[in-house]
Amino acid sequence: MKKLRKTRANQLDKFFKDRLLPDKDFRAQVNEAIHIICSFLKERCFRGASHPVRVSQVVKGGSSGKGTTLKGLSDADLVVFVASLTSFQEQLQHRRGFIKEIRRQLDACQREETFEVEFEVQKW
């Protein structure tokens, strides 16, 4: 395996492409999965919930969300913004229920959709 320190300056781009960047198919599969999950959350999360809220926006972060994935090292952070709240205190009051509902919907999304890439819902 050719080491980075032995790579000539004019061959750095090729080195990065060949050894560090995931292939186009993988990036496309990850982007598709993120799109499906975001749509799922916007369309289904909190439907029929006791508290009248809805997902107004899902912001993508992490290496996959920003397009900076490396081969074998990629993640996606999805930040869910909830509308229809009157105060920050109200968000704090219902936070546990909101997280529970989001997790429930992500689990449902994983059961109902066929993904070509694996995803894991992590607790924080």
# chains A, B, ... in the order shown; residues from 1 in each chain; ligands from 1

$ residues_around --residues "Lys66 in chain A" --least-positions-apart "2" --cutoff "12 Å" --atoms "only C-alpha atoms" --output "PyMOL selection string"
chain A and resi 27+30-31+34+59-64+68-70+74-78

$ select_by_dssp --residues "chain A" --states "helix (DSSP H, G or I)" --output "ChimeraX atom specification"
/A:4-6,9-19,24-44,62-66,88-112

$ closest_residue --among "A:His94, A:Lys71, A:Arg111, A:Lys6" --to "Lys24 in chain A" --atoms "only C-alpha atoms"
A:Lys71

$ closest_residue --among "A:Arg95, A:Lys14, A:Arg8, A:Arg103" --to "Val82 in chain A" --atoms "only C-alpha atoms"
A:Arg95

$ select_by_dssp --residues "chain A" --states "strand (DSSP E)" --output "list in words"
Arg54, Val55, Ser56, Gln57, Val58, Val59, Lys60, Gly61, Asp77, Leu78, Val79, Val80, Phe81, Val82 and Ala83 of chain A

$ atom_distance --atom1 "CA of Leu106 in chain A" --atom2 "CA of Val55 in chain A"
13.3 Å

$ residues_around --residues "Arg104 in chain A" --least-positions-apart "5" --cutoff "9 Å" --atoms "only C-alpha atoms" --output "VMD selection string"
chain A and resid 45 99 109

$ atom_distance --atom1 "CA of Leu73 in chain A" --atom2 "CA of Ile102 in chain A"
24.8 Å

$ closest_residue --among "A:Ser50, A:Ser39, A:Gln11, A:Gln29" --to "Phe98 in chain A" --atoms "only C-alpha atoms"
A:Ser50

$ atom_distance --atom1 "CA of Asp107 in chain A" --atom2 "CA of Val121 in chain A"
7.9 Å

$ residues_around --residues "Ser84 in chain A" --least-positions-apart "5" --cutoff "8 Å" --atoms "only C-alpha atoms" --output "list in words"
Pro52, Val53 and Arg54 of chain A

$ write_last_selection --atoms "N, CA and C atoms" --output "short mmCIF file (atom, residue, chain, number, x, y, z; two decimals), in the first residue's frame"
data_model
loop_
_atom_site.label_atom_id
_atom_site.label_comp_id
_atom_site.auth_asym_id
_atom_site.auth_seq_id
_atom_site.Cartn_x
_atom_site.Cartn_y
_atom_site.Cartn_z
N PRO A 52 -50.24 19.51 19.89
CA PRO A 52 -50.32 19.95 18.48
C PRO A 52 -49.02 20.56 17.95
N VAL A 53 -48.08 19.73 17.56
CA VAL A 53 -46.81 20.21 17.00
C VAL A 53 -46.58 19.52 15.66
N ARG A 54 -45.62 20.05 14.93
CA ARG A 54 -45.23 19.42 13.67
C ARG A 54 -43.76 19.73 13.43
#

$ closest_residue --among "A:Val80, A:Phe15, A:Phe46, A:Ala33" --to "Lys3 in chain A" --atoms "only C-alpha atoms"
A:Phe15

$ closest_residue --among "A:Val79, A:Thr86, A:Ile37, A:Lys42" --to "Ala108 in chain A" --atoms "only C-alpha atoms"
A:Ile37
